file data-v2.pdb (PDB, C-alpha atoms, pLDDT in the B column)
ATOM      1  CA  MET A 179     -44.787  28.777 -72.840  1.00 49.00           C
ATOM      2  CA  THR A 180     -48.281  28.476 -74.276  1.00 52.00           C
ATOM      3  CA  ASP A 181     -51.684  29.523 -72.958  1.00 62.00           C
ATOM      4  CA  ASN A 182     -52.943  25.964 -73.474  1.00 86.00           C
ATOM      5  CA  ARG A 183     -53.333  24.380 -70.024  1.00 87.00           C
ATOM      6  CA  THR A 184     -52.274  20.914 -71.141  1.00 89.00           C
ATOM      7  CA  ASP A 185     -49.152  22.314 -72.775  1.00 91.00           C
ATOM      8  CA  ALA A 186     -48.321  24.271 -69.619  1.00 92.00           C
ATOM      9  CA  LEU A 187     -48.781  21.148 -67.499  1.00 93.00           C
ATOM     10  CA  VAL A 188     -46.589  18.818 -69.538  1.00 94.00           C
ATOM     11  CA  GLU A 189     -43.903  21.470 -69.991  1.00 96.00           C
ATOM     12  CA  HIS A 190     -43.844  21.964 -66.211  1.00 95.00           C
ATOM     13  CA  LEU A 191     -43.483  18.210 -65.615  1.00 97.00           C
ATOM     14  CA  ALA A 192     -40.783  17.814 -68.263  1.00 97.00           C
ATOM     15  CA  ALA A 193     -38.743  20.705 -66.829  1.00 97.00           C
ATOM     16  CA  ALA A 194     -38.904  19.563 -63.186  1.00 97.00           C
ATOM     17  CA  THR A 195     -35.562  19.052 -61.453  1.00 97.00           C
ATOM     18  CA  PHE A 196     -34.604  18.304 -57.873  1.00 98.00           C
ATOM     19  CA  GLU A 197     -33.081  21.770 -57.612  1.00 97.00           C
ATOM     20  CA  SER A 198     -36.362  23.376 -58.688  1.00 97.00           C
ATOM     21  CA  LEU A 199     -38.271  21.884 -55.735  1.00 97.00           C
ATOM     22  CA  PRO A 200     -38.813  23.940 -52.560  1.00 96.00           C
ATOM     23  CA  PRO A 201     -37.016  22.379 -49.561  1.00 97.00           C
ATOM     24  CA  ALA A 202     -40.367  21.807 -47.825  1.00 94.00           C
ATOM     25  CA  ALA A 203     -41.605  19.788 -50.815  1.00 94.00           C
ATOM     26  CA  VAL A 204     -38.453  17.648 -50.754  1.00 97.00           C
ATOM     27  CA  ALA A 205     -38.861  17.014 -47.022  1.00 96.00           C
ATOM     28  CA  ARG A 206     -42.521  16.019 -47.351  1.00 91.00           C
ATOM     29  CA  ALA A 207     -41.942  13.806 -50.388  1.00 94.00           C
ATOM     30  CA  THR A 208     -39.065  12.064 -48.605  1.00 96.00           C
ATOM     31  CA  ALA A 209     -41.140  11.479 -45.469  1.00 93.00           C
ATOM     32  CA  ARG A 210     -44.035  10.116 -47.542  1.00 91.00           C
ATOM     33  CA  PHE A 211     -41.675   7.797 -49.385  1.00 94.00           C
ATOM     34  CA  VAL A 212     -40.113   6.376 -46.217  1.00 95.00           C
ATOM     35  CA  ASP A 213     -43.588   5.938 -44.726  1.00 94.00           C
ATOM     36  CA  ALA A 214     -44.728   4.174 -47.896  1.00 94.00           C
ATOM     37  CA  VAL A 215     -41.893   1.633 -47.711  1.00 95.00           C
ATOM     38  CA  GLY A 216     -42.812   0.828 -44.110  1.00 96.00           C
ATOM     39  CA  LEU A 217     -46.457   0.369 -45.039  1.00 96.00           C
ATOM     40  CA  ILE A 218     -45.532  -2.015 -47.856  1.00 97.00           C
ATOM     41  CA  ALA A 219     -43.603  -4.133 -45.350  1.00 96.00           C
ATOM     42  CA  ALA A 220     -46.558  -4.110 -42.938  1.00 96.00           C
ATOM     43  CA  GLY A 221     -49.014  -4.864 -45.730  1.00 96.00           C
ATOM     44  CA  ARG A 222     -47.319  -8.200 -46.378  1.00 96.00           C
ATOM     45  CA  ARG A 223     -49.383  -9.626 -43.496  1.00 94.00           C
ATOM     46  CA  ALA A 224     -52.720  -8.101 -44.547  1.00 94.00           C
ATOM     47  CA  GLN A 225     -55.789  -9.916 -45.850  1.00 91.00           C
ATOM     48  CA  ALA A 226     -55.393 -11.074 -49.482  1.00 92.00           C
ATOM     49  CA  SER A 227     -51.756  -9.927 -49.744  1.00 95.00           C
ATOM     50  CA  ALA A 228     -50.310 -13.434 -50.031  1.00 96.00           C
ATOM     51  CA  GLU A 229     -52.781 -14.216 -52.812  1.00 96.00           C
ATOM     52  CA  VAL A 230     -51.895 -11.034 -54.711  1.00 95.00           C
ATOM     53  CA  LEU A 231     -48.163 -11.716 -54.455  1.00 97.00           C
ATOM     54  CA  ASP A 232     -48.686 -15.283 -55.652  1.00 97.00           C
ATOM     55  CA  LEU A 233     -50.787 -14.050 -58.571  1.00 96.00           C
ATOM     56  CA  VAL A 234     -48.158 -11.520 -59.648  1.00 97.00           C
ATOM     57  CA  ARG A 235     -45.409 -14.164 -59.435  1.00 96.00           C
ATOM     58  CA  ARG A 236     -47.430 -16.426 -61.747  1.00 96.00           C
ATOM     59  CA  TRP A 237     -47.850 -13.654 -64.341  1.00 96.00           C
ATOM     60  CA  GLY A 238     -44.112 -13.877 -65.074  1.00 93.00           C
ATOM     61  CA  GLY A 239     -42.479 -11.498 -67.540  1.00 96.00           C
ATOM     62  CA  ARG A 240     -39.346  -9.386 -67.740  1.00 97.00           C
ATOM     63  CA  PRO A 241     -37.521  -9.023 -64.378  1.00 97.00           C
ATOM     64  CA  ASP A 242     -37.561  -5.200 -64.210  1.00 97.00           C
ATOM     65  CA  SER A 243     -38.310  -4.537 -60.555  1.00 98.00           C
ATOM     66  CA  THR A 244     -38.487  -6.302 -57.215  1.00 98.00           C
ATOM     67  CA  LEU A 245     -41.834  -7.677 -56.095  1.00 97.00           C
ATOM     68  CA  LEU A 246     -41.438  -6.040 -52.697  1.00 97.00           C
ATOM     69  CA  THR A 247     -41.398  -8.245 -49.584  1.00 97.00           C
ATOM     70  CA  THR A 248     -40.171 -11.096 -51.824  1.00 96.00           C
ATOM     71  CA  SER A 249     -36.946 -11.879 -53.705  1.00 95.00           C
ATOM     72  CA  THR A 250     -38.777 -12.176 -57.043  1.00 97.00           C
ATOM     73  CA  ARG A 251     -38.329  -9.702 -59.892  1.00 98.00           C
ATOM     74  CA  VAL A 252     -41.251  -8.945 -62.213  1.00 98.00           C
ATOM     75  CA  PRO A 253     -42.247  -6.368 -64.855  1.00 98.00           C
ATOM     76  CA  ALA A 254     -42.325  -2.846 -63.383  1.00 98.00           C
ATOM     77  CA  MET A 255     -46.065  -2.442 -63.875  1.00 96.00           C
ATOM     78  CA  HIS A 256     -46.710  -5.666 -61.944  1.00 98.00           C
ATOM     79  CA  ALA A 257     -44.355  -4.592 -59.157  1.00 98.00           C
ATOM     80  CA  ALA A 258     -46.152  -1.245 -58.885  1.00 97.00           C
ATOM     81  CA  PHE A 259     -49.548  -2.958 -58.763  1.00 96.00           C
ATOM     82  CA  ALA A 260     -48.484  -5.262 -55.930  1.00 97.00           C
ATOM     83  CA  ALA A 261     -46.724  -2.505 -53.971  1.00 97.00           C
ATOM     84  CA  ALA A 262     -49.829  -0.318 -54.176  1.00 95.00           C
ATOM     85  CA  MET A 263     -51.973  -3.189 -52.913  1.00 93.00           C
ATOM     86  CA  LEU A 264     -49.639  -3.852 -49.975  1.00 96.00           C
ATOM     87  CA  MET A 265     -49.285  -0.172 -49.124  1.00 95.00           C
ATOM     88  CA  ARG A 266     -53.017   0.502 -49.122  1.00 91.00           C
ATOM     89  CA  SER A 267     -53.874  -2.662 -47.149  1.00 91.00           C
ATOM     90  CA  TYR A 268     -54.536  -0.917 -43.845  1.00 90.00           C
ATOM     91  CA  ASP A 269     -55.429   2.526 -45.263  1.00 85.00           C
ATOM     92  CA  PHE A 270     -52.600   4.129 -43.291  1.00 86.00           C
ATOM     93  CA  GLU A 271     -50.662   5.665 -46.153  1.00 84.00           C
ATOM     94  CA  PRO A 272     -50.573   9.493 -46.272  1.00 72.00           C
ATOM     95  CA  VAL A 273     -54.103  10.703 -46.864  1.00 73.00           C
ATOM     96  CA  GLY A 274     -54.332  14.506 -47.122  1.00 76.00           C
ATOM     97  CA  ALA A 275     -54.227  16.598 -50.306  1.00 80.00           C
ATOM     98  CA  ASP A 276     -53.328  20.114 -49.131  1.00 79.00           C
ATOM     99  CA  ARG A 277     -54.233  23.373 -50.808  1.00 79.00           C
ATOM    100  CA  ALA A 278     -52.233  26.582 -50.320  1.00 77.00           C
ATOM    101  CA  ASP A 279     -54.923  27.972 -47.992  1.00 84.00           C
ATOM    102  CA  GLY A 280     -54.721  24.895 -45.743  1.00 81.00           C
ATOM    103  CA  VAL A 281     -57.898  23.197 -46.972  1.00 81.00           C
ATOM    104  CA  GLN A 282     -57.559  19.412 -47.317  1.00 81.00           C
ATOM    105  CA  VAL A 283     -59.488  16.768 -49.228  1.00 77.00           C
ATOM    106  CA  PRO A 284     -59.286  13.016 -48.481  1.00 75.00           C
ATOM    107  CA  ALA A 285     -56.635  11.549 -50.746  1.00 80.00           C
ATOM    108  CA  HIS A 286     -54.731   8.266 -50.821  1.00 85.00           C
ATOM    109  CA  ILE A 287     -52.427   9.646 -53.503  1.00 90.00           C
ATOM    110  CA  THR A 288     -49.161   8.220 -52.175  1.00 91.00           C
ATOM    111  CA  GLY A 289     -50.684   4.741 -52.255  1.00 91.00           C
ATOM    112  CA  THR A 290     -50.408   4.977 -56.028  1.00 93.00           C
ATOM    113  CA  THR A 291     -47.569   7.381 -56.758  1.00 95.00           C
ATOM    114  CA  ALA A 292     -44.981   5.934 -54.353  1.00 96.00           C
ATOM    115  CA  ALA A 293     -45.639   2.415 -55.642  1.00 97.00           C
ATOM    116  CA  VAL A 294     -45.102   3.591 -59.227  1.00 97.00           C
ATOM    117  CA  ALA A 295     -41.994   5.537 -58.189  1.00 97.00           C
ATOM    118  CA  LEU A 296     -40.432   2.501 -56.509  1.00 97.00           C
ATOM    119  CA  ALA A 297     -41.015   0.167 -59.431  1.00 98.00           C
ATOM    120  CA  VAL A 298     -40.073   2.522 -62.267  1.00 98.00           C
ATOM    121  CA  ALA A 299     -37.056   4.014 -60.475  1.00 98.00           C
ATOM    122  CA  GLU A 300     -35.631   0.536 -59.894  1.00 98.00           C
ATOM    123  CA  SER A 301     -36.258  -0.576 -63.463  1.00 97.00           C
ATOM    124  CA  ARG A 302     -34.619   2.600 -64.841  1.00 97.00           C
ATOM    125  CA  ASN A 303     -31.834   2.744 -62.215  1.00 97.00           C
ATOM    126  CA  VAL A 304     -32.453   6.431 -61.530  1.00 96.00           C
ATOM    127  CA  SER A 305     -31.059   8.488 -58.658  1.00 97.00           C
ATOM    128  CA  GLY A 306     -32.813   9.140 -55.377  1.00 96.00           C
ATOM    129  CA  ALA A 307     -33.038  12.822 -56.276  1.00 97.00           C
ATOM    130  CA  ARG A 308     -34.838  11.994 -59.511  1.00 98.00           C
ATOM    131  CA  LEU A 309     -37.213   9.663 -57.659  1.00 97.00           C
ATOM    132  CA  ILE A 310     -38.125  12.396 -55.139  1.00 98.00           C
ATOM    133  CA  THR A 311     -38.583  14.903 -57.975  1.00 98.00           C
ATOM    134  CA  ALA A 312     -40.977  12.608 -59.808  1.00 98.00           C
ATOM    135  CA  LEU A 313     -42.879  11.778 -56.631  1.00 96.00           C
ATOM    136  CA  ALA A 314     -43.237  15.449 -55.677  1.00 96.00           C
ATOM    137  CA  VAL A 315     -44.569  16.601 -59.046  1.00 97.00           C
ATOM    138  CA  GLY A 316     -46.809  13.550 -59.486  1.00 96.00           C
ATOM    139  CA  ASP A 317     -48.336  13.992 -56.030  1.00 94.00           C
ATOM    140  CA  ASP A 318     -48.756  17.706 -56.713  1.00 93.00           C
ATOM    141  CA  LEU A 319     -50.607  17.033 -59.967  1.00 94.00           C
ATOM    142  CA  ALA A 320     -52.984  14.520 -58.386  1.00 92.00           C
ATOM    143  CA  ALA A 321     -53.659  16.807 -55.397  1.00 89.00           C
ATOM    144  CA  ARG A 322     -54.385  19.797 -57.632  1.00 88.00           C
ATOM    145  CA  VAL A 323     -56.770  17.784 -59.794  1.00 87.00           C
ATOM    146  CA  ALA A 324     -58.534  16.513 -56.677  1.00 85.00           C
ATOM    147  CA  HIS A 325     -59.014  20.044 -55.338  1.00 84.00           C
ATOM    148  CA  THR A 326     -59.933  21.577 -58.684  1.00 82.00           C
ATOM    149  CA  THR A 327     -62.615  18.995 -59.377  1.00 77.00           C
ATOM    150  CA  GLY A 328     -64.082  19.217 -55.880  1.00 73.00           C
ATOM    151  CA  PHE A 329     -63.332  15.542 -55.369  1.00 70.00           C
ATOM    152  CA  ASP A 330     -65.411  14.008 -52.586  1.00 70.00           C
ATOM    153  CA  VAL A 331     -64.534  10.472 -51.508  1.00 68.00           C
ATOM    154  CA  TYR A 332     -67.786  10.299 -49.549  1.00 73.00           C
ATOM    155  CA  GLY A 333     -69.773  10.774 -52.754  1.00 72.00           C
ATOM    156  CA  GLY A 334     -68.917   7.236 -53.890  1.00 70.00           C
ATOM    157  CA  GLY A 335     -65.780   7.814 -55.970  1.00 70.00           C
ATOM    158  CA  ASP A 336     -62.254   6.722 -55.075  1.00 72.00           C
ATOM    159  CA  ASN A 337     -59.301   8.916 -55.986  1.00 75.00           C
ATOM    160  CA  THR A 338     -57.156   5.779 -56.319  1.00 75.00           C
ATOM    161  CA  GLY A 339     -58.882   5.046 -59.625  1.00 78.00           C
ATOM    162  CA  THR A 340     -59.307   8.642 -60.790  1.00 83.00           C
ATOM    163  CA  VAL A 341     -56.935  11.493 -59.938  1.00 86.00           C
ATOM    164  CA  ASN A 342     -54.189   9.082 -58.839  1.00 90.00           C
ATOM    165  CA  VAL A 343     -54.065   7.641 -62.351  1.00 91.00           C
ATOM    166  CA  LEU A 344     -52.784  10.999 -63.569  1.00 92.00           C
ATOM    167  CA  GLY A 345     -50.336  11.306 -60.675  1.00 95.00           C
ATOM    168  CA  GLY A 346     -48.966   7.833 -61.328  1.00 96.00           C
ATOM    169  CA  ALA A 347     -48.593   8.515 -65.052  1.00 96.00           C
ATOM    170  CA  ALA A 348     -46.733  11.745 -64.279  1.00 97.00           C
ATOM    171  CA  VAL A 349     -44.363   9.955 -61.872  1.00 98.00           C
ATOM    172  CA  ALA A 350     -43.594   7.221 -64.405  1.00 98.00           C
ATOM    173  CA  GLY A 351     -43.178   9.687 -67.264  1.00 97.00           C
ATOM    174  CA  VAL A 352     -40.764  11.906 -65.353  1.00 98.00           C
ATOM    175  CA  LEU A 353     -38.713   8.900 -64.209  1.00 98.00           C
ATOM    176  CA  MET A 354     -38.593   7.614 -67.779  1.00 97.00           C
ATOM    177  CA  GLY A 355     -37.330  10.983 -69.008  1.00 96.00           C
ATOM    178  CA  LEU A 356     -40.258  11.644 -71.325  1.00 97.00           C
ATOM    179  CA  ASP A 357     -40.359  15.021 -73.021  1.00 96.00           C
ATOM    180  CA  ALA A 358     -43.456  17.234 -73.002  1.00 95.00           C
ATOM    181  CA  GLU A 359     -45.034  15.419 -75.940  1.00 93.00           C
ATOM    182  CA  GLY A 360     -44.394  12.013 -74.380  1.00 94.00           C
ATOM    183  CA  LEU A 361     -45.915  13.204 -71.124  1.00 95.00           C
ATOM    184  CA  ARG A 362     -48.952  14.544 -72.991  1.00 92.00           C
ATOM    185  CA  ARG A 363     -49.494  11.106 -74.540  1.00 92.00           C
ATOM    186  CA  ALA A 364     -48.972   9.284 -71.232  1.00 93.00           C
ATOM    187  CA  LEU A 365     -51.471  11.523 -69.438  1.00 92.00           C
ATOM    188  CA  GLY A 366     -53.941  11.122 -72.318  1.00 89.00           C
ATOM    189  CA  ILE A 367     -53.782   7.325 -72.093  1.00 88.00           C
ATOM    190  CA  ALA A 368     -54.115   7.478 -68.305  1.00 89.00           C
ATOM    191  CA  MET A 369     -57.109   9.818 -68.530  1.00 86.00           C
ATOM    192  CA  ASN A 370     -58.797   7.488 -70.987  1.00 83.00           C
ATOM    193  CA  GLN A 371     -58.426   4.528 -68.640  1.00 80.00           C
ATOM    194  CA  ALA A 372     -59.297   6.299 -65.370  1.00 82.00           C
ATOM    195  CA  ALA A 373     -62.217   4.979 -63.352  1.00 72.00           C
ATOM    196  CA  GLY A 374     -62.939   4.673 -59.669  1.00 70.00           C
ATOM    197  CA  THR A 375     -65.481   3.522 -57.171  1.00 69.00           C
ATOM    198  CA  ILE A 376     -65.480   3.138 -53.414  1.00 70.00           C
ATOM    199  CA  ASP A 377     -68.317   0.591 -53.388  1.00 70.00           C
ATOM    200  CA  ASN A 378     -65.853  -2.267 -52.922  1.00 67.00           C
ATOM    201  CA  ILE A 379     -65.262  -0.838 -49.438  1.00 70.00           C
ATOM    202  CA  ASN A 380     -68.986  -0.493 -48.843  1.00 73.00           C
ATOM    203  CA  ASP A 381     -69.394  -4.111 -49.978  1.00 70.00           C
ATOM    204  CA  LYS A 382     -66.522  -5.172 -47.669  1.00 72.00           C
ATOM    205  CA  THR A 383     -64.485  -6.848 -50.401  1.00 66.00           C
ATOM    206  CA  PRO A 384     -60.657  -7.039 -50.167  1.00 62.00           C
TER     207      PRO A 384
END
call {"tool": "encode", "arguments": {"input": "data-v2.pdb", "output": "structure tokens"}}
result
Amino acid sequence: MTDNRTDALVEHLAAATFESLPPAAVARATARFVDAVGLIAAGRRAQASAEVLDLVRRWGGRPDSTLLTTSTRVPAMHAAFAAAMLMRSYDFEPVGADRADGVQVPAHITGTTAAVALAVAESRNVSGARLITALAVGDDLAARVAHTTGFDVYGGGDNTGTVNVLGGAAVAGVLMGLDAEGLRRALGIAMNQAAGTIDNINDKTP
């Protein structure tokens, strides 16, 4: 183990196993996942959802994962995009990032990480235990970054386009079996592309 924080982070992610998770973390990740699937189903009827699903169908590509609520298969990244859109449609997906002392910050983390987990797990044909492991450590990473940075959704930023990018990259990397170096690269690319604003909500756009 190194003193470098990035090294410590990627080594932790690469070493994660289902058996290493506390039972409470498994229970919460499982509940969030089941909730997420229900919200995707409900989101099928939300404003702009039909248009998004039609758009993703027209993109085409390799049939990695199911475009949820349809029978179409699309590239995993497209399936994750659509699932996240459906899940977040009514803003009911799990929304609290907890700290050990009980303090919470607003966080729609699962709206990203569960969508990525569904799409990548299907495309890689991984076990349910591996899916829950990836979801737990990805959610944990995003929540810790949110707390550490003092993230404030009411300040105009949206964690969906910032800290969740790192959580989603961690979920995908763990499901893909990346080693520490691969995870470092994935998180670096994600960090480079991260951006987020909540003004679309203020402007009342879908």
call {"tool": "residues_near_point", "arguments": {"input": "data-v2.pdb", "point": "(-41.5, 16.9, -48.5)", "cutoff": "12 Å", "atoms": "only C-alpha atoms", "output": "list in words"}}
result
Phe196, Leu199, Pro200, Pro201, Ala202, Ala203, Val204, Ala205, Arg206, Ala207, Thr208, Ala209, Arg210, Phe211, Val212, Asp213, Pro272, Ile310, Thr311, Leu313, Ala314, Val315, Asp317 and Asp318 of chain A
call {"tool": "atom_distance", "arguments": {"input": "data-v2.pdb", "atom1": "atom CA of A:His286", "atom2": "atom CA of A:Ala312"}}
result
17.0 Å
call {"tool": "resolve_selection", "arguments": {"input": "data-v2.pdb", "expression": "the PyMOL selection byres ((chain A and resi 321-331) around 12)", "output": "PyMOL selection string"}}
result
chain A and resi 187+273-288+291+313-320+332-346+369+374-377+379
call {"tool": "resolve_selection", "arguments": {"input": "data-v2.pdb", "expression": "the PyMOL selection byres ((chain A and resi 229-237) around 10)", "output": "MDAnalysis selection string"}}
result
chainID A and resid 222 225:228 238:239 245:248 250:253 256:257 259:261 263:264
call {"tool": "atom_distance", "arguments": {"input": "data-v2.pdb", "atom1": "atom CA of A:Arg308", "atom2": "atom CA of A:Leu191"}}
result
12.3 Å
call {"tool": "atom_distance", "arguments": {"input": "data-v2.pdb", "atom1": "atom CA of A:Glu300", "atom2": "atom CA of A:Gly355"}}
result
14.0 Å
call {"tool": "axis_aligned_box", "arguments": {"input": "data-v2.pdb", "around": "stretch 280-287 of chain A", "padding_each_side": "3 Å", "output": "lines of an AutoDock Vina configuration file"}}
result
center_x = -56.0
center_y = 16.6
center_z = -49.6
size_x = 13.1
size_y = 22.6
size_z = 13.8
call {"tool": "resolve_selection", "arguments": {"input": "data-v2.pdb", "expression": "the PyMOL selection byres ((chain A and resi 356-367) around 8)", "output": "number ranges by chain"}}
result
A: 184-185, 188-189, 191-192, 344, 347-348, 351-355, 368-371
call {"tool": "closest_residue", "arguments": {"input": "data-v2.pdb", "among": "A:Gly221, A:Ala186, A:Val349, A:Gly306", "to": "A:Asp269", "atoms": "all atoms listed in the file"}}
result
A:Gly221
call {"tool": "closest_residue", "arguments": {"input": "data-v2.pdb", "among": "A:Ala350, A:Ser267, A:Gly216, A:Glu197", "to": "A:Val304", "atoms": "all atoms listed in the file"}}
result
A:Ala350
